[in-house]
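Visitor: One structure, pasted below without further comment.
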There are 2 protein chains.
Amino acid sequence: MKRLGSRRPDDQARRAHADPAQEYRPDLRGCAFGFSAHGFRGSTVDQIAREANLSKPNLLYYFPSKEAIHQHLLSMLMDTWLAPLRAMREDGDPLDEILTYMRRKLEMSRDHPRESRLFANEILQGAPRILDMLETELKDLVDEKAGLIAGWMADGRLAPSDPHHLIFSIWSLTQHYADFDVQVHAVLGAGHDNPYPAAEAYLTTLFTRLLTP
Amino acid sequence: MKRLGSRRPDDQARRAHADPAQEYRPDLRGCAFGFSAHGFRGSTVDQIAREANLSKPNLLYYFPSKEAIHQHLLSMLMDTWLAPLRAMREDGDPLDEILTYMRRKLEMSRDHPRESRLFANEILQGAPRILDMLETELKDLVDEKAGLIAGWMADGRLAPSDPHHLIFSIWSLTQHYADFDVQVHAVLGAGHDNPYPAAEAYLTTLFTRLLTP
DNA sequence: CTCGCCTTTGACCAAAAGGTCAAAAGGAAT
DNA sequence: ATTCCTTTTGACCTTTTGGTCAAAGGCGAG
């Protein structure tokens, strides 16, 4: 339960406490679990500290409050989360670009379900801490990529449909396998430990049929 | 803040406190908000009581604990939630039956978003209180309807794809508009107050293209 | 070694929250 | 009106929890 030895990074300037722009912060990547499993109010600072191998006061030495910890995790997450969409290129094959995006998101659900749930929890609760980001950064990115897709459709390279809702559908379909994981397993029952291969096949068919002109 | 007058139902036998099989319980339907907005641990008994126009001790007179309140809401919800799937009939037109199911679920997202979020919250957190139901009642129903769909596909009346994942996709796509409501609005931006007409059109196209043989 | 600075923690605090209880308030039958 | 039963509530208790603090523990520079 207790850590041994110093956890300071080897070669990184650091100072804190009265410093608003801290340069070193403990890596909380492994601690998404608390918030993702119980939501913001459901997880306790003690718990998070334990997961991070820190004492509670020590954790609060690096972050001014529980809120700040949550926000930190969330914003760290956002970049990772948007990367696959950012990677959609105009000069690829349209269907391929979209299927690749879908597959990347599905992999993220499979490999980082807790992060997905952390995000889902925040949105479910009205996104109080990241609404700004959604309305600016996310909206801009989606608008851009939706424009790209609309272009492909206008050129007849994809069958026409609503690009924004297309993106929503990729999000919901892929994240479902992380966020509703328990339900998926309960319904599929024993003997279907890994639903992802079937999910990928299904989703590939789905989007191929939707988008093939 | 305070209620006036008696809240007893006019003509219903009732007794409680030491009675395990209470016949009267206050209607908490309007109180899904608390749990749906903040999750189980995020909402307080005081809050729920206030929403139900009861004092806290009075609420705890009808329900033995916060857990029991949550469970009550959840099980009340489950039936409503499954009704549309139950309504899928073998003797209809296959595509029509599925599109109708999808539309009903979408209407539920539009008209009862808080209930959808309450359910989503529970699943996100590992469904500790309803896992049983998922593994029995829900699984059985889904297996039955998946069989029905598989039959339609075998008969060539629908294009083949995985029936279980088809059902998952209907759930995720429709519930997305309730659960991730804030995100949908943030991304669509002002001037798109009501995303549902476009969502319905998009989803109709999606499933029509997937399933038309 | 010692000084000064950053880091870590045990002990503590105040507020919030789940739950209890005894007493008060209705209401119907007699 | 009295009695009996159910319903309602203010006050209270205990536990949990976010957050503080003063003191102790490194660690490098001189």
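Ordering of the structure tokens sets the chain letters (A, B, ...); residue numbers start at 1 within each chain; ligands are numbered from 1 in the order shown.
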Sorted by chain and rising residue number, which residues of chain A lie within 6 Å of chain B, and what are their closest atom pairs and distances in Å to one decimal, counting only C-alpha atoms, as CSV?

Guide:
residue,atom,partner,partner_atom,distance
A:Ala37,CA,B:Gln125,CA,5.1
A:His38,CA,B:Gln125,CA,5.9
A:Arg41,CA,B:Gly42,CA,4.8
A:Gly42,CA,B:Arg41,CA,4.8
A:Ile123,CA,B:Phe180,CA,5.9
A:Leu124,CA,B:Asp179,CA,5.6
A:Gln125,CA,B:Ala37,CA,5.1
A:Gly126,CA,B:Val182,CA,6.0
A:Leu134,CA,B:Ala186,CA,5.9
A:Glu135,CA,B:Ala186,CA,4.9
A:Lys139,CA,B:Val187,CA,4.4
A:Ser172,CA,B:Ser172,CA,5.7
A:Leu173,CA,B:Ser172,CA,5.8
A:His176,CA,B:Ser172,CA,6.0
A:Asp179,CA,B:Leu124,CA,5.6
A:Phe180,CA,B:Ile123,CA,5.9
A:Val182,CA,B:Gly126,CA,6.0
A:Ala186,CA,B:Glu135,CA,4.9
A:Val187,CA,B:Lys139,CA,4.5
A:Leu206,CA,B:Leu210,CA,5.6
A:Arg209,CA,B:Leu210,CA,5.6
A:Leu210,CA,B:Arg209,CA,5.6

Visitor: Show me, as a ChimeraX atom specification, the residues of chain C whose atoms get within 10 Å of chain B, using only C-alpha atoms (C1' of nucleotides) for the distance check.

Guide: /C:16-20,26

Visitor: Atoms to include: all heavy atoms. Write the selected residues as a CSV table (one decimal), in the first residue's frame.

Guide:
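The resulting file, result-v2.csv, is shown below:
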chain,number,residue,atom,x,y,z
C,16,DA,P,-21.8,22.1,3.8
C,16,DA,OP1,-22.0,22.9,2.6
C,16,DA,OP2,-22.7,22.3,5.0
C,16,DA,O5',-22.0,20.5,3.4
C,16,DA,C5',-21.0,19.9,2.6
C,16,DA,C4',-21.2,18.5,2.5
C,16,DA,O4',-20.9,17.8,3.8
C,16,DA,C3',-22.7,18.1,2.2
C,16,DA,O3',-22.6,17.1,1.2
C,16,DA,C2',-23.2,17.5,3.5
C,16,DA,C1',-21.9,16.9,4.1
C,16,DA,N9,-21.9,16.9,5.6
C,16,DA,C8,-22.2,17.9,6.5
C,16,DA,N7,-22.0,17.5,7.8
C,16,DA,C5,-21.6,16.2,7.7
C,16,DA,C6,-21.2,15.2,8.7
C,16,DA,N6,-21.3,15.5,10.0
C,16,DA,N1,-20.8,14.0,8.2
C,16,DA,C2,-20.8,13.8,6.9
C,16,DA,N3,-21.1,14.6,5.9
C,16,DA,C4,-21.5,15.8,6.4
C,17,DA,P,-24.0,16.7,0.4
C,17,DA,OP1,-23.7,16.6,-1.0
C,17,DA,OP2,-25.1,17.6,0.9
C,17,DA,O5',-24.3,15.2,1.0
C,17,DA,C5',-23.3,14.3,1.0
C,17,DA,C4',-23.7,13.1,1.9
C,17,DA,O4',-23.5,13.4,3.2
C,17,DA,C3',-25.2,12.8,1.7
C,17,DA,O3',-25.4,11.4,1.5
C,17,DA,C2',-25.8,13.2,3.1
C,17,DA,C1',-24.6,13.0,4.0
C,17,DA,N9,-24.6,13.7,5.2
C,17,DA,C8,-25.0,15.0,5.4
C,17,DA,N7,-24.9,15.4,6.7
C,17,DA,C5,-24.5,14.3,7.4
C,17,DA,C6,-24.2,14.1,8.7
C,17,DA,N6,-24.4,15.0,9.7
C,17,DA,N1,-23.8,12.8,9.0
C,17,DA,C2,-23.6,11.9,8.1
C,17,DA,N3,-23.8,12.0,6.8
C,17,DA,C4,-24.3,13.2,6.5
C,18,DG,P,-26.8,10.9,1.0
C,18,DG,OP1,-26.7,10.4,-0.4
C,18,DG,OP2,-27.9,11.8,1.3
C,18,DG,O5',-27.0,9.6,2.0
C,18,DG,C5',-26.0,8.7,2.0
C,18,DG,C4',-26.2,7.8,3.2
C,18,DG,O4',-25.9,8.6,4.4
C,18,DG,C3',-27.6,7.2,3.3
C,18,DG,O3',-27.5,5.9,3.8
C,18,DG,C2',-28.2,8.1,4.4
C,18,DG,C1',-27.1,8.5,5.3
C,18,DG,N9,-27.2,9.8,5.9
C,18,DG,C8,-27.6,11.0,5.2
C,18,DG,N7,-27.6,12.0,6.1
C,18,DG,C5,-27.3,11.5,7.3
C,18,DG,C6,-27.2,12.1,8.6
C,18,DG,O6,-27.4,13.3,8.9
C,18,DG,N1,-26.9,11.2,9.6
C,18,DG,C2,-26.6,9.9,9.4
C,18,DG,N2,-26.3,9.2,10.4
C,18,DG,N3,-26.7,9.3,8.2
C,18,DG,C4,-27.1,10.2,7.2
C,19,DG,P,-28.8,5.0,3.7
C,19,DG,OP1,-28.3,3.6,3.6
C,19,DG,OP2,-29.8,5.5,2.8
C,19,DG,O5',-29.3,5.1,5.2
C,19,DG,C5',-28.4,4.8,6.3
C,19,DG,C4',-28.9,5.3,7.6
C,19,DG,O4',-28.9,6.7,7.7
C,19,DG,C3',-30.4,4.9,7.9
C,19,DG,O3',-30.4,4.1,9.0
C,19,DG,C2',-31.1,6.2,8.1
C,19,DG,C1',-29.9,7.1,8.6
C,19,DG,N9,-30.1,8.5,8.4
C,19,DG,C8,-30.4,9.2,7.2
C,19,DG,N7,-30.5,10.5,7.4
C,19,DG,C5,-30.4,10.7,8.7
C,19,DG,C6,-30.4,11.9,9.5
C,19,DG,O6,-30.6,13.0,9.1
C,19,DG,N1,-30.2,11.6,10.9
C,19,DG,C2,-30.0,10.4,11.4
C,19,DG,N2,-29.8,10.4,12.7
C,19,DG,N3,-29.9,9.3,10.7
C,19,DG,C4,-30.1,9.5,9.4
C,20,DT,P,-31.8,3.5,9.6
C,20,DT,OP1,-31.5,2.1,9.9
C,20,DT,OP2,-32.9,3.8,8.7
C,20,DT,O5',-32.0,4.3,10.9
C,20,DT,C5',-30.9,4.4,11.8
C,20,DT,C4',-31.3,5.1,13.1
C,20,DT,O4',-31.4,6.5,12.8
C,20,DT,C3',-32.7,4.7,13.7
C,20,DT,O3',-32.5,4.5,15.1
C,20,DT,C2',-33.6,5.8,13.4
C,20,DT,C1',-32.7,7.0,13.4
C,20,DT,N1,-33.0,8.2,12.5
C,20,DT,C2,-33.1,9.4,13.1
C,20,DT,O2,-32.9,9.7,14.2
C,20,DT,N3,-33.5,10.4,12.2
C,20,DT,C4,-33.7,10.3,10.8
C,20,DT,O4,-34.0,11.2,10.1
C,20,DT,C5,-33.6,8.9,10.3
C,20,DT,C7,-33.9,8.7,8.9
C,20,DT,C6,-33.3,7.9,11.2
C,26,DG,P,-52.1,18.5,10.9
C,26,DG,OP1,-51.8,18.5,9.5
C,26,DG,OP2,-52.3,19.8,11.6
C,26,DG,O5',-53.4,17.7,11.0
C,26,DG,C5',-53.4,16.3,11.2
C,26,DG,C4',-53.5,15.6,9.9
C,26,DG,O4',-53.0,14.2,10.1
C,26,DG,C3',-54.9,15.4,9.4
C,26,DG,O3',-55.0,15.0,8.1
C,26,DG,C2',-55.4,14.3,10.4
C,26,DG,C1',-54.1,13.5,10.5
C,26,DG,N9,-53.9,13.0,11.9
C,26,DG,C8,-53.6,13.8,13.0
C,26,DG,N7,-53.4,13.1,14.1
C,26,DG,C5,-53.5,11.8,13.6
C,26,DG,C6,-53.4,10.6,14.4
C,26,DG,O6,-53.1,10.4,15.6
C,26,DG,N1,-53.5,9.5,13.6
C,26,DG,C2,-53.8,9.5,12.2
C,26,DG,N2,-53.9,8.4,11.6
C,26,DG,N3,-53.9,10.6,11.5
C,26,DG,C4,-53.8,11.7,12.3

Visitor: One decimal, Å: what's the distance from C1' of DT8 (chain C) over to CA of Asn58 (chain A), could you say?

Guide: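 For C1' of DT8 (chain C) relative to CA of Asn58 (chain A), the distance reads 6.2 Å.
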
Visitor: Looking at only C-alpha atoms (C1' of nucleotides), which of A:Tyr61, A:Thr80, A:Asn53, A:Asp27 is the one that sits closest to chain D?

Guide: A:Tyr61
